[in-house]
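Structure file run-v5.csv with CSV, C-alpha atoms (C1' of nucleotides):
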```csv
chain,number,residue,atom,x,y,z
A,1,MET,CA,3.5,-21.4,-6.7
A,2,THR,CA,3.6,-17.8,-7.6
A,3,ARG,CA,6.4,-15.7,-6.3
A,4,VAL,CA,6.1,-12.0,-6.2
A,5,LEU,CA,9.3,-10.2,-7.3
A,6,LEU,CA,9.9,-6.6,-6.3
A,7,ASP,CA,13.0,-4.7,-7.2
A,8,GLU,CA,13.9,-1.5,-5.5
A,9,GLU,CA,12.4,0.8,-8.1
A,10,ARG,CA,9.2,-1.1,-8.2
A,11,ALA,CA,9.0,-1.3,-4.5
A,12,ALA,CA,9.3,2.5,-4.4
A,13,GLU,CA,6.5,2.9,-6.9
A,14,LEU,CA,4.2,0.6,-5.1
A,15,ALA,CA,5.0,2.0,-1.7
A,16,GLU,CA,4.2,5.4,-3.0
A,17,ILE,CA,0.7,4.3,-3.8
A,18,PHE,CA,0.3,2.7,-0.4
A,19,ARG,CA,1.7,5.7,1.3
A,20,LEU,CA,-0.8,7.9,-0.5
A,21,LEU,CA,-3.7,5.9,0.8
A,22,GLY,CA,-2.1,5.6,4.2
A,23,ASP,CA,-3.7,8.7,5.6
A,24,ALA,CA,-7.3,8.3,6.8
A,25,ASN,CA,-8.5,11.7,5.6
A,26,ARG,CA,-6.9,11.3,2.2
A,27,LEU,CA,-8.3,7.8,1.9
A,28,ARG,CA,-11.8,9.1,2.7
A,29,ILE,CA,-11.4,11.8,0.1
A,30,ALA,CA,-10.3,9.2,-2.5
A,31,VAL,CA,-13.3,7.0,-1.6
A,32,ALA,CA,-15.7,9.9,-1.8
A,33,CYS,CA,-14.6,10.4,-5.4
A,34,LEU,CA,-15.0,6.8,-6.4
A,35,ASP,CA,-18.4,6.8,-7.9
A,36,GLN,CA,-19.2,10.4,-9.1
A,37,PRO,CA,-17.4,13.7,-9.5
A,38,LEU,CA,-17.6,15.9,-6.5
A,39,CYS,CA,-16.5,19.5,-6.1
A,40,VAL,CA,-14.0,20.4,-3.3
A,41,SER,CA,-16.5,22.0,-1.0
A,42,ASP,CA,-18.8,19.0,-1.2
A,43,ILE,CA,-16.0,16.7,-0.4
A,44,ALA,CA,-14.9,18.9,2.4
A,45,GLN,CA,-18.4,18.8,3.9
A,46,GLN,CA,-18.7,15.0,3.4
A,47,VAL,CA,-15.5,14.2,5.2
A,48,GLY,CA,-15.7,17.1,7.6
A,49,LEU,CA,-12.5,18.9,6.7
A,50,SER,CA,-11.6,22.4,5.6
A,51,ALA,CA,-11.6,23.1,1.9
A,52,SER,CA,-8.0,24.1,2.1
A,53,LEU,CA,-7.0,20.8,3.6
A,54,VAL,CA,-9.1,18.8,1.1
A,55,SER,CA,-7.5,20.8,-1.7
A,56,HIS,CA,-4.0,19.9,-0.4
A,57,HIS,CA,-4.8,16.2,-0.3
A,58,LEU,CA,-6.5,16.3,-3.7
A,59,ARG,CA,-3.3,17.8,-5.2
A,60,LEU,CA,-1.4,14.8,-4.0
A,61,LEU,CA,-4.0,12.3,-5.2
A,62,ARG,CA,-4.1,14.1,-8.6
A,63,ALA,CA,-0.3,14.1,-8.9
A,64,ALA,CA,-0.4,10.3,-8.4
A,65,ARG,CA,-3.1,10.1,-11.0
A,66,PHE,CA,-5.5,8.7,-8.5
A,67,VAL,CA,-8.1,11.3,-9.4
A,68,ARG,CA,-8.6,13.7,-12.2
A,69,ALA,CA,-10.2,17.1,-12.2
A,70,HIS,CA,-12.3,19.2,-14.4
A,71,LYS,CA,-13.5,22.8,-13.9
A,72,GLU,CA,-17.1,24.0,-14.1
A,73,GLY,CA,-17.4,27.6,-13.4
A,74,LYS,CA,-16.1,28.4,-10.0
A,75,GLN,CA,-16.0,24.8,-9.0
A,76,VAL,CA,-13.5,22.0,-9.6
A,77,PHE,CA,-14.8,18.5,-9.7
A,78,TYR,CA,-12.7,15.5,-8.8
A,79,VAL,CA,-13.3,11.9,-9.6
A,80,SER,CA,-11.3,8.7,-9.7
A,81,ALA,CA,-8.9,8.7,-12.6
A,82,ASP,CA,-9.7,5.3,-14.0
A,83,GLU,CA,-10.9,1.8,-13.4
A,84,GLN,CA,-7.6,0.7,-11.9
A,85,ALA,CA,-7.6,3.4,-9.3
A,86,ARG,CA,-11.1,2.4,-8.3
A,87,CYS,CA,-10.1,-1.3,-8.2
A,88,VAL,CA,-7.1,-0.7,-6.0
A,89,ILE,CA,-9.3,1.0,-3.4
A,90,LYS,CA,-12.4,-1.2,-3.7
A,91,ASP,CA,-10.4,-4.4,-3.6
A,92,MET,CA,-8.6,-3.2,-0.5
A,93,VAL,CA,-11.7,-2.1,1.2
A,94,SER,CA,-13.3,-5.4,0.5
A,95,HIS,CA,-10.2,-7.2,1.7
A,96,VAL,CA,-10.5,-5.5,5.0
A,97,GLY,CA,-14.2,-6.2,5.1
A,98,ALA,CA,-15.7,-2.8,5.0
A,99,HIS,CA,-19.4,-2.3,4.4
A,100,ARG,CA,-20.8,-2.3,0.9
A,101,ASP,CA,-24.1,-0.9,-0.2
A,102,ALA,CA,-26.0,-2.0,-3.2
A,103,THR,CA,-28.5,0.9,-3.1
A,104,ASP,CA,-28.4,3.4,-5.9
A,105,ASP,CA,-30.9,6.0,-4.8
A,106,GLU,CA,-29.5,7.4,-1.6
A,107,GLY,CA,-26.7,9.7,-1.3
B,1,MET,CA,-23.8,-0.1,-8.8
B,2,THR,CA,-21.8,-0.9,-5.8
B,3,ARG,CA,-21.0,2.0,-3.5
B,4,VAL,CA,-18.2,1.7,-1.1
B,5,LEU,CA,-18.9,3.1,2.3
B,6,LEU,CA,-16.2,4.1,4.7
B,7,ASP,CA,-16.9,5.6,8.1
B,8,GLU,CA,-14.2,7.3,10.0
B,9,GLU,CA,-13.3,4.3,12.1
B,10,ARG,CA,-13.0,2.0,9.2
B,11,ALA,CA,-11.1,4.5,7.2
B,12,ALA,CA,-8.6,4.7,10.0
B,13,GLU,CA,-8.2,1.0,10.1
B,14,LEU,CA,-7.7,0.7,6.4
B,15,ALA,CA,-5.4,3.6,6.2
B,16,GLU,CA,-3.3,2.0,8.9
B,17,ILE,CA,-2.7,-1.0,6.7
B,18,PHE,CA,-1.9,1.2,3.7
B,19,ARG,CA,0.4,3.4,5.8
B,20,LEU,CA,2.3,0.3,7.0
B,21,LEU,CA,3.0,-0.8,3.4
B,22,GLY,CA,3.7,2.8,2.4
B,23,ASP,CA,7.4,2.6,3.1
B,24,ALA,CA,9.6,1.0,0.4
B,25,ASN,CA,11.9,-0.8,2.8
B,26,ARG,CA,9.1,-2.1,4.9
B,27,LEU,CA,7.2,-3.2,1.8
B,28,ARG,CA,10.2,-5.1,0.5
B,29,ILE,CA,10.5,-6.8,3.9
B,30,ALA,CA,6.9,-7.8,3.8
B,31,VAL,CA,7.3,-9.1,0.3
B,32,ALA,CA,10.4,-11.1,1.2
B,33,CYS,CA,8.3,-12.9,3.9
B,34,LEU,CA,5.5,-13.7,1.5
B,35,ASP,CA,6.4,-17.2,0.5
B,36,GLN,CA,8.7,-18.7,3.1
B,37,PRO,CA,9.9,-17.9,6.6
B,38,LEU,CA,13.1,-15.9,6.7
B,39,CYS,CA,15.3,-15.0,9.6
B,40,VAL,CA,16.2,-11.3,10.3
B,41,SER,CA,19.7,-11.5,9.0
B,42,ASP,CA,18.6,-13.1,5.7
B,43,ILE,CA,16.0,-10.5,5.2
B,44,ALA,CA,18.5,-7.8,6.0
B,45,GLN,CA,20.9,-9.2,3.4
B,46,GLN,CA,18.1,-9.6,0.8
B,47,VAL,CA,16.9,-6.0,1.1
B,48,GLY,CA,20.3,-4.5,1.8
B,49,LEU,CA,19.5,-3.0,5.2
B,50,SER,CA,21.0,-3.3,8.7
B,51,ALA,CA,19.6,-6.0,10.9
B,52,SER,CA,18.6,-3.4,13.4
B,53,LEU,CA,16.5,-1.5,10.9
B,54,VAL,CA,14.9,-4.7,9.6
B,55,SER,CA,14.1,-5.7,13.1
B,56,HIS,CA,12.5,-2.3,13.7
B,57,HIS,CA,10.3,-2.7,10.7
B,58,LEU,CA,9.4,-6.3,11.5
B,59,ARG,CA,8.2,-5.2,14.9
B,60,LEU,CA,5.7,-2.8,13.2
B,61,LEU,CA,4.6,-5.5,10.7
B,62,ARG,CA,4.1,-8.0,13.5
B,63,ALA,CA,2.2,-5.5,15.6
B,64,ALA,CA,-0.2,-5.1,12.7
B,65,ARG,CA,-0.4,-8.9,12.3
B,66,PHE,CA,1.1,-8.7,8.8
B,67,VAL,CA,3.7,-11.2,9.7
B,68,ARG,CA,4.2,-13.7,12.5
B,69,ALA,CA,7.4,-14.9,14.1
B,70,HIS,CA,8.8,-18.1,15.6
B,71,LYS,CA,12.2,-18.7,17.1
B,72,GLU,CA,14.7,-21.3,16.2
B,73,GLY,CA,17.8,-21.2,18.3
B,74,LYS,CA,19.4,-17.9,17.9
B,75,GLN,CA,17.4,-16.9,14.9
B,76,VAL,CA,13.8,-15.5,14.6
B,77,PHE,CA,12.0,-16.4,11.5
B,78,TYR,CA,9.3,-14.2,10.0
B,79,VAL,CA,6.6,-15.1,7.5
B,80,SER,CA,3.3,-13.6,6.3
B,81,ALA,CA,0.7,-14.0,9.0
B,82,ASP,CA,-2.1,-15.4,6.8
B,83,GLU,CA,-3.6,-15.6,3.4
B,84,GLN,CA,-5.3,-12.2,3.7
B,85,ALA,CA,-2.0,-10.5,4.3
B,86,ARG,CA,-0.5,-12.2,1.3
B,87,CYS,CA,-3.6,-11.3,-0.8
B,88,VAL,CA,-3.4,-7.6,0.1
B,89,ILE,CA,0.2,-7.4,-1.1
B,90,LYS,CA,0.0,-9.7,-4.1
B,91,ASP,CA,-3.2,-8.1,-5.4
B,92,MET,CA,-1.7,-4.7,-5.2
B,93,VAL,CA,1.5,-5.8,-6.8
B,94,SER,CA,-0.4,-7.3,-9.7
B,95,HIS,CA,-2.6,-4.2,-9.9
B,96,VAL,CA,0.5,-2.1,-10.5
B,97,GLY,CA,1.8,-4.7,-12.9
B,98,ALA,CA,5.0,-5.9,-11.2
B,99,HIS,CA,6.8,-9.0,-12.4
B,100,ARG,CA,5.6,-12.4,-11.4
B,101,ASP,CA,7.6,-15.6,-11.5
B,102,ALA,CA,6.1,-19.0,-11.8
B,103,THR,CA,9.4,-20.9,-11.1
B,104,ASP,CA,9.6,-23.0,-8.0
B,105,ASP,CA,13.1,-24.3,-7.9
B,106,GLU,CA,15.2,-21.1,-7.6
B,107,GLY,CA,15.7,-19.0,-4.6
C,1,DT,C1',-15.2,47.9,-11.1
C,2,DG,C1',-16.6,45.7,-6.9
C,3,DA,C1',-18.3,42.1,-4.0
C,4,DA,C1',-19.0,37.2,-3.1
C,5,DC,C1',-17.8,32.6,-3.7
C,6,DA,C1',-14.6,28.4,-4.7
C,7,DT,C1',-10.3,26.9,-4.9
C,8,DT,C1',-5.5,27.1,-4.6
C,9,DT,C1',-1.1,28.3,-2.7
C,10,DG,C1',2.8,29.2,0.7
C,11,DA,C1',4.6,29.4,5.1
C,12,DA,C1',4.7,28.0,9.7
C,13,DG,C1',4.0,24.9,13.5
C,14,DA,C1',3.1,20.6,15.5
C,15,DC,C1',3.6,16.0,15.1
C,16,DA,C1',5.1,11.5,13.4
C,17,DT,C1',8.3,8.6,11.3
C,18,DA,C1',12.7,6.5,9.4
C,19,DT,C1',17.3,5.6,10.3
C,20,DT,C1',21.6,5.3,12.8
C,21,DT,C1',24.4,4.1,16.6
C,22,DG,C1',25.7,1.7,20.6
C,23,DA,C1',24.4,-1.0,24.2
C,24,DT,C1',21.8,-5.1,25.8
C,25,DT,C1',19.5,-9.7,25.8
C,26,DA,C1',19.4,-14.4,24.4
C,27,DT,C1',21.4,-18.6,22.5
C,28,DA,C1',24.9,-22.0,21.0
C,29,DG,C1',29.4,-23.9,21.2
C,30,DT,C1',34.1,-24.4,23.3
D,1,DA,C1',32.8,-18.9,32.3
D,2,DC,C1',34.0,-17.0,27.9
D,3,DT,C1',33.3,-16.0,23.0
D,4,DA,C1',30.7,-15.4,19.0
D,5,DT,C1',26.5,-14.8,16.7
D,6,DA,C1',21.5,-13.2,16.2
D,7,DA,C1',18.2,-10.2,17.5
D,8,DT,C1',16.2,-6.5,20.0
D,9,DC,C1',16.1,-2.2,22.4
D,10,DA,C1',16.8,2.8,23.6
D,11,DA,C1',18.3,7.3,22.6
D,12,DA,C1',19.4,10.6,19.3
D,13,DT,C1',19.3,12.6,14.8
D,14,DA,C1',17.3,13.5,10.6
D,15,DT,C1',13.6,13.7,7.7
D,16,DG,C1',9.0,13.9,6.4
D,17,DT,C1',4.2,14.8,6.8
D,18,DC,C1',-0.4,16.8,8.3
D,19,DT,C1',-2.7,20.6,9.5
D,20,DT,C1',-3.8,25.5,10.0
D,21,DC,C1',-3.9,30.1,8.7
D,22,DA,C1',-3.7,34.0,5.8
D,23,DA,C1',-3.1,35.6,1.4
D,24,DA,C1',-3.7,35.0,-3.5
D,25,DT,C1',-6.0,33.4,-7.7
D,26,DG,C1',-9.8,32.8,-10.6
D,27,DT,C1',-14.8,33.0,-11.5
D,28,DT,C1',-19.6,34.8,-11.6
D,29,DC,C1',-22.8,38.3,-11.1
D,30,DA,C1',-24.5,43.0,-10.3
```
Please lay out the structure from this file as structure tokens.
Amino acid sequence: MTRVLLDEERAAELAEIFRLLGDANRLRIAVACLDQPLCVSDIAQQVGLSASLVSHHLRLLRAARFVRAHKEGKQVFYVSADEQARCVIKDMVSHVGAHRDATDDEG
Amino acid sequence: MTRVLLDEERAAELAEIFRLLGDANRLRIAVACLDQPLCVSDIAQQVGLSASLVSHHLRLLRAARFVRAHKEGKQVFYVSADEQARCVIKDMVSHVGAHRDATDDEG
DNA sequence: TGAACATTTGAAGACATATTTGATTATAGT
DNA sequence: ACTATAATCAAATATGTCTTCAAATGTTCA
């Protein structure tokens, strides 16, 4: 049997991650950046939110190292920070039984 | 390549789960109930919170079917609802790299 | 320099949530 | 019936968060 231990400090860390993904808009933004870098306005259009609001959420996601950003001219592209960030989301999505799509050529 | 798709409705569902675990106290309560049923006062003592507050959080966890309850005399015991609920937490904990303990004989 | 675009920032408002406190219900034992 | 314990509930406070809006920053191009 495997017991999960969780002291106060670790609980706070873990809860912080959960809390961050606990907003539907922010979660959709995080998911949008899973597979390829997207600029703010593209994300905004994809999730149907204002660029300002998306930027606000991206700042939080970046602060928690869920996404990283790089600049190209006027635009700033955001993408999942690393494989662990992707795993956390993908595993959870599959846990809850969301749809997956094996296609590669449609976006 | 596997793309994760997330429509608005599904994002809201998933975010709801994340949000629920996004509070450190509530997360610790959920973790405490992972392996064995515990009554409210035991949980309260274990996490260092008032019984009232623990009860409050347990109500939310139960509403989301993260835990289930059964009564024994004056006490109400809470335990993780099912294997999926346990997986969601344990996977996340391991993702973040929390301690695990393989012992069986200490409580 | 000036205009147009992309993004960020700060402040304000609306809204939701966590926590405390005291009262209330339910159960067991005397 | 009375007491003690366990848990829940309701109201109130405090705290935090999401969102919007307007202004500001930085970039490209003419």
Test item: residues at most 12 Å from stretch 22-27 of chain D, only C-alpha atoms (C1' of nucleotides), excluding those fewer than 3 positions along its chain, as number ranges by chain:
A: 52, 71-76; C: 4-12
File of the preceding selection, C-alpha atoms (C1' of nucleotides), as an mmCIF file, in the frame of the given file:
```cif
data_model
loop_
_atom_site.group_PDB
_atom_site.id
_atom_site.type_symbol
_atom_site.label_atom_id
_atom_site.label_comp_id
_atom_site.auth_asym_id
_atom_site.auth_seq_id
_atom_site.Cartn_x
_atom_site.Cartn_y
_atom_site.Cartn_z
ATOM 1 C CA SER A 52 -8.000 24.100 2.100
ATOM 2 C CA LYS A 71 -13.500 22.800 -13.900
ATOM 3 C CA GLU A 72 -17.100 24.000 -14.100
ATOM 4 C CA GLY A 73 -17.400 27.600 -13.400
ATOM 5 C CA LYS A 74 -16.100 28.400 -10.000
ATOM 6 C CA GLN A 75 -16.000 24.800 -9.000
ATOM 7 C CA VAL A 76 -13.500 22.000 -9.600
ATOM 8 C "C1'" DA C 4 -19.000 37.200 -3.100
ATOM 9 C "C1'" DC C 5 -17.800 32.600 -3.700
ATOM 10 C "C1'" DA C 6 -14.600 28.400 -4.700
ATOM 11 C "C1'" DT C 7 -10.300 26.900 -4.900
ATOM 12 C "C1'" DT C 8 -5.500 27.100 -4.600
ATOM 13 C "C1'" DT C 9 -1.100 28.300 -2.700
ATOM 14 C "C1'" DG C 10 2.800 29.200 0.700
ATOM 15 C "C1'" DA C 11 4.600 29.400 5.100
ATOM 16 C "C1'" DA C 12 4.700 28.000 9.700
#
```
Please provide chain B as a short mmCIF file (atom, residue, chain, number, x, y, z; two decimals) with C-alpha atoms, keeping the file's coordinate frame, once it has been superposed on chain A by least squares across all sequentially paired Cα atoms.
```
data_model
loop_
_atom_site.label_atom_id
_atom_site.label_comp_id
_atom_site.auth_asym_id
_atom_site.auth_seq_id
_atom_site.Cartn_x
_atom_site.Cartn_y
_atom_site.Cartn_z
CA MET B 1 3.64 -21.55 -6.72
CA THR B 2 3.65 -17.98 -7.70
CA ARG B 3 6.48 -15.88 -6.32
CA VAL B 4 6.14 -12.19 -6.24
CA LEU B 5 9.22 -10.32 -7.23
CA LEU B 6 9.83 -6.74 -6.28
CA ASP B 7 12.99 -4.87 -7.20
CA GLU B 8 13.84 -1.67 -5.51
CA GLU B 9 12.37 0.55 -8.19
CA ARG B 10 9.11 -1.23 -8.29
CA ALA B 11 8.90 -1.39 -4.57
CA ALA B 12 9.26 2.35 -4.49
CA GLU B 13 6.52 2.81 -6.96
CA LEU B 14 4.16 0.55 -5.15
CA ALA B 15 4.96 1.94 -1.81
CA GLU B 16 4.20 5.38 -3.16
CA ILE B 17 0.66 4.33 -3.93
CA PHE B 18 0.27 2.70 -0.52
CA ARG B 19 1.77 5.74 1.23
CA LEU B 20 -0.72 8.02 -0.58
CA LEU B 21 -3.70 5.99 0.72
CA GLY B 22 -2.03 5.66 4.12
CA ASP B 23 -3.63 8.77 5.55
CA ALA B 24 -7.22 8.45 6.83
CA ASN B 25 -8.37 11.83 5.58
CA ARG B 26 -6.83 11.39 2.21
CA LEU B 27 -8.27 7.88 1.94
CA ARG B 28 -11.75 9.13 2.75
CA ILE B 29 -11.33 11.81 0.07
CA ALA B 30 -10.32 9.23 -2.45
CA VAL B 31 -13.23 7.07 -1.49
CA ALA B 32 -15.69 9.95 -1.75
CA CYS B 33 -14.53 10.45 -5.41
CA LEU B 34 -14.96 6.80 -6.27
CA ASP B 35 -18.37 6.83 -7.82
CA GLN B 36 -19.21 10.34 -8.94
CA PRO B 37 -17.43 13.64 -9.43
CA LEU B 38 -17.55 15.90 -6.41
CA CYS B 39 -16.50 19.48 -6.03
CA VAL B 40 -13.98 20.50 -3.27
CA SER B 41 -16.51 22.05 -0.99
CA ASP B 42 -18.80 18.98 -1.11
CA ILE B 43 -15.95 16.71 -0.36
CA ALA B 44 -14.87 18.96 2.46
CA GLN B 45 -18.38 18.84 3.95
CA GLN B 46 -18.62 15.04 3.47
CA VAL B 47 -15.35 14.30 5.27
CA GLY B 48 -15.61 17.14 7.75
CA LEU B 49 -12.41 18.95 6.78
CA SER B 50 -11.55 22.50 5.66
CA ALA B 51 -11.62 23.16 1.96
CA SER B 52 -8.01 24.15 2.10
CA LEU B 53 -6.94 20.84 3.57
CA VAL B 54 -9.07 18.89 1.10
CA SER B 55 -7.57 20.84 -1.70
CA HIS B 56 -4.09 20.04 -0.39
CA HIS B 57 -4.84 16.37 -0.37
CA LEU B 58 -6.51 16.41 -3.78
CA ARG B 59 -3.40 17.95 -5.24
CA LEU B 60 -1.36 14.91 -4.00
CA LEU B 61 -4.01 12.45 -5.30
CA ARG B 62 -4.07 14.16 -8.67
CA ALA B 63 -0.30 14.24 -8.87
CA ALA B 64 -0.34 10.48 -8.44
CA ARG B 65 -3.12 10.17 -11.05
CA PHE B 66 -5.52 8.73 -8.46
CA VAL B 67 -8.09 11.28 -9.34
CA ARG B 68 -8.64 13.69 -12.20
CA ALA B 69 -10.22 17.12 -12.17
CA HIS B 70 -12.38 19.27 -14.45
CA LYS B 71 -13.70 22.74 -13.85
CA GLU B 72 -17.21 23.94 -13.98
CA GLY B 73 -17.58 27.61 -13.32
CA LYS B 74 -16.26 28.35 -9.96
CA GLN B 75 -16.12 24.78 -8.84
CA VAL B 76 -13.53 21.99 -9.55
CA PHE B 77 -14.88 18.55 -9.63
CA TYR B 78 -12.78 15.52 -8.74
CA VAL B 79 -13.38 11.87 -9.57
CA SER B 80 -11.33 8.66 -9.62
CA ALA B 81 -8.94 8.76 -12.54
CA ASP B 82 -9.68 5.27 -13.92
CA GLU B 83 -10.84 1.80 -13.21
CA GLN B 84 -7.47 0.72 -11.80
CA ALA B 85 -7.59 3.41 -9.18
CA ARG B 86 -11.06 2.39 -8.19
CA CYS B 87 -10.00 -1.31 -8.13
CA VAL B 88 -7.03 -0.64 -5.83
CA ILE B 89 -9.28 1.03 -3.26
CA LYS B 90 -12.34 -1.17 -3.57
CA ASP B 91 -10.32 -4.39 -3.45
CA MET B 92 -8.57 -3.30 -0.35
CA VAL B 93 -11.74 -2.15 1.27
CA SER B 94 -13.36 -5.50 0.62
CA HIS B 95 -10.21 -7.29 1.79
CA VAL B 96 -10.56 -5.60 5.16
CA GLY B 97 -14.26 -6.31 5.13
CA ALA B 98 -15.80 -2.81 5.11
CA HIS B 99 -19.48 -2.30 4.40
CA ARG B 100 -20.76 -2.33 0.89
CA ASP B 101 -24.04 -0.90 -0.32
CA ALA B 102 -25.84 -2.06 -3.36
CA THR B 103 -28.43 0.82 -3.35
CA ASP B 104 -28.40 3.22 -6.23
CA ASP B 105 -30.98 5.80 -5.40
CA GLU B 106 -29.61 7.39 -2.19
CA GLY B 107 -26.83 9.81 -1.87
#
```
What is the atom CA of B:Leu34 to atom CA of A:Phe18 distance in Å?
17.3 Å
Give me, as a ChimeraX atom specification, all polymer residues having an atom no more than 9 Å from stretch 4-8 of chain D, counting all atoms listed in the file and skipping those fewer than 5 positions away in the same chain.
/B:40-41,51-52,55-56,74-76 /C:24-29
With the cut-off set at 9 Å and counting only C-alpha atoms, tabulate each residue of chain B with an atom at most that distance from an atom of chain A, showing the nearest atom pair and its distance in Å to one decimal, ordered by chain and increasing number, as JSON lines.
```
{"residue": "B:Met1", "atom": "CA", "partner": "A:Ala102", "partner_atom": "CA", "distance": 6.3}
{"residue": "B:Thr2", "atom": "CA", "partner": "A:Ala102", "partner_atom": "CA", "distance": 5.1}
{"residue": "B:Arg3", "atom": "CA", "partner": "A:Asp101", "partner_atom": "CA", "distance": 5.4}
{"residue": "B:Val4", "atom": "CA", "partner": "A:Arg100", "partner_atom": "CA", "distance": 5.2}
{"residue": "B:Leu5", "atom": "CA", "partner": "A:His99", "partner_atom": "CA", "distance": 5.8}
{"residue": "B:Leu6", "atom": "CA", "partner": "A:Ala98", "partner_atom": "CA", "distance": 6.9}
{"residue": "B:Asp7", "atom": "CA", "partner": "A:Arg28", "partner_atom": "CA", "distance": 8.2}
{"residue": "B:Glu8", "atom": "CA", "partner": "A:Ala24", "partner_atom": "CA", "distance": 7.7}
{"residue": "B:Glu9", "atom": "CA", "partner": "A:Ala24", "partner_atom": "CA", "distance": 8.9}
{"residue": "B:Arg10", "atom": "CA", "partner": "A:Ala98", "partner_atom": "CA", "distance": 6.9}
{"residue": "B:Ala11", "atom": "CA", "partner": "A:Ala24", "partner_atom": "CA", "distance": 5.4}
{"residue": "B:Ala12", "atom": "CA", "partner": "A:Ala24", "partner_atom": "CA", "distance": 5.0}
{"residue": "B:Glu13", "atom": "CA", "partner": "A:Ala24", "partner_atom": "CA", "distance": 8.1}
{"residue": "B:Leu14", "atom": "CA", "partner": "A:Val96", "partner_atom": "CA", "distance": 6.9}
{"residue": "B:Ala15", "atom": "CA", "partner": "A:Gly22", "partner_atom": "CA", "distance": 4.3}
{"residue": "B:Glu16", "atom": "CA", "partner": "A:Gly22", "partner_atom": "CA", "distance": 6.0}
{"residue": "B:Ile17", "atom": "CA", "partner": "A:Gly22", "partner_atom": "CA", "distance": 7.1}
{"residue": "B:Phe18", "atom": "CA", "partner": "A:Gly22", "partner_atom": "CA", "distance": 4.4}
{"residue": "B:Arg19", "atom": "CA", "partner": "A:Gly22", "partner_atom": "CA", "distance": 3.7}
{"residue": "B:Leu20", "atom": "CA", "partner": "A:Gly22", "partner_atom": "CA", "distance": 7.4}
{"residue": "B:Leu21", "atom": "CA", "partner": "A:Phe18", "partner_atom": "CA", "distance": 5.8}
{"residue": "B:Gly22", "atom": "CA", "partner": "A:Arg19", "partner_atom": "CA", "distance": 3.7}
{"residue": "B:Asp23", "atom": "CA", "partner": "A:Ala15", "partner_atom": "CA", "distance": 5.4}
{"residue": "B:Ala24", "atom": "CA", "partner": "A:Ala12", "partner_atom": "CA", "distance": 5.0}
{"residue": "B:Asn25", "atom": "CA", "partner": "A:Ala11", "partner_atom": "CA", "distance": 7.9}
{"residue": "B:Arg26", "atom": "CA", "partner": "A:Ala15", "partner_atom": "CA", "distance": 8.8}
{"residue": "B:Leu27", "atom": "CA", "partner": "A:Ala15", "partner_atom": "CA", "distance": 6.6}
{"residue": "B:Arg28", "atom": "CA", "partner": "A:Ala11", "partner_atom": "CA", "distance": 6.4}
{"residue": "B:Val31", "atom": "CA", "partner": "A:Val4", "partner_atom": "CA", "distance": 7.2}
{"residue": "B:Ala32", "atom": "CA", "partner": "A:Val4", "partner_atom": "CA", "distance": 8.6}
{"residue": "B:Leu34", "atom": "CA", "partner": "A:Val4", "partner_atom": "CA", "distance": 7.9}
{"residue": "B:Asp35", "atom": "CA", "partner": "A:Arg3", "partner_atom": "CA", "distance": 7.0}
{"residue": "B:Val47", "atom": "CA", "partner": "A:Glu8", "partner_atom": "CA", "distance": 8.5}
{"residue": "B:Gln84", "atom": "CA", "partner": "A:His95", "partner_atom": "CA", "distance": 7.3}
{"residue": "B:Cys87", "atom": "CA", "partner": "A:His95", "partner_atom": "CA", "distance": 8.2}
{"residue": "B:Val88", "atom": "CA", "partner": "A:Met92", "partner_atom": "CA", "distance": 6.8}
{"residue": "B:Lys90", "atom": "CA", "partner": "A:Val4", "partner_atom": "CA", "distance": 6.8}
{"residue": "B:Asp91", "atom": "CA", "partner": "A:Asp91", "partner_atom": "CA", "distance": 8.3}
{"residue": "B:Met92", "atom": "CA", "partner": "A:Val88", "partner_atom": "CA", "distance": 6.8}
{"residue": "B:Val93", "atom": "CA", "partner": "A:Leu14", "partner_atom": "CA", "distance": 7.2}
{"residue": "B:Ser94", "atom": "CA", "partner": "A:Val4", "partner_atom": "CA", "distance": 8.8}
{"residue": "B:His95", "atom": "CA", "partner": "A:Val88", "partner_atom": "CA", "distance": 6.9}
{"residue": "B:Val96", "atom": "CA", "partner": "A:Leu14", "partner_atom": "CA", "distance": 7.1}
{"residue": "B:Ala98", "atom": "CA", "partner": "A:Leu6", "partner_atom": "CA", "distance": 7.0}
{"residue": "B:His99", "atom": "CA", "partner": "A:Leu5", "partner_atom": "CA", "distance": 5.8}
{"residue": "B:Arg100", "atom": "CA", "partner": "A:Val4", "partner_atom": "CA", "distance": 5.2}
{"residue": "B:Asp101", "atom": "CA", "partner": "A:Arg3", "partner_atom": "CA", "distance": 5.3}
{"residue": "B:Ala102", "atom": "CA", "partner": "A:Thr2", "partner_atom": "CA", "distance": 5.0}
{"residue": "B:Thr103", "atom": "CA", "partner": "A:Met1", "partner_atom": "CA", "distance": 7.4}
{"residue": "B:Asp104", "atom": "CA", "partner": "A:Met1", "partner_atom": "CA", "distance": 6.4}
```
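Atom C1' of C:DT20 is positioned 24.5 Å from atom CA of B:Val67.
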Would you list the contacts of D:DT19 as a ChimeraX atom specification, taking every protein, DNA or RNA residue within 9 Å and counting only C-alpha atoms (C1' of nucleotides), but skipping same-chain residues closer than 4 positions in sequence?
/A:53 /C:13-14
Point-to-point distance from atom CA of B:Arg68 to atom CA of B:Asp42, Å rounded to tenths
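So the two atoms, atom CA of B:Arg68 and atom CA of B:Asp42, lie 15.9 Å apart.
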Env of stretch 10-13 of chain D: 9 Å cut, atoms = only C-alpha atoms (C1' of nucleotides), seq-sep filter 3 positions within chain, self excluded. Answer as a PyMOL selection string.
chain C and resi 19-21+23
List the neighbours of A:Ala69 out to 9 Å using all atoms listed in the file; skip same-chain residues closer than 4 positions along the sequence, and give me the result as number ranges by chain.
A: 37, 62, 76-81
Put those residues in a file: C-alpha atoms, as a tab-separated table (two decimals), keeping the file's coordinate frame.
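Listed below is the output, out-v6.tsv:
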```
chain	number	residue	atom	x	y	z
A	37	PRO	CA	-17.40	13.70	-9.50
A	62	ARG	CA	-4.10	14.10	-8.60
A	76	VAL	CA	-13.50	22.00	-9.60
A	77	PHE	CA	-14.80	18.50	-9.70
A	78	TYR	CA	-12.70	15.50	-8.80
A	79	VAL	CA	-13.30	11.90	-9.60
A	80	SER	CA	-11.30	8.70	-9.70
A	81	ALA	CA	-8.90	8.70	-12.60
```
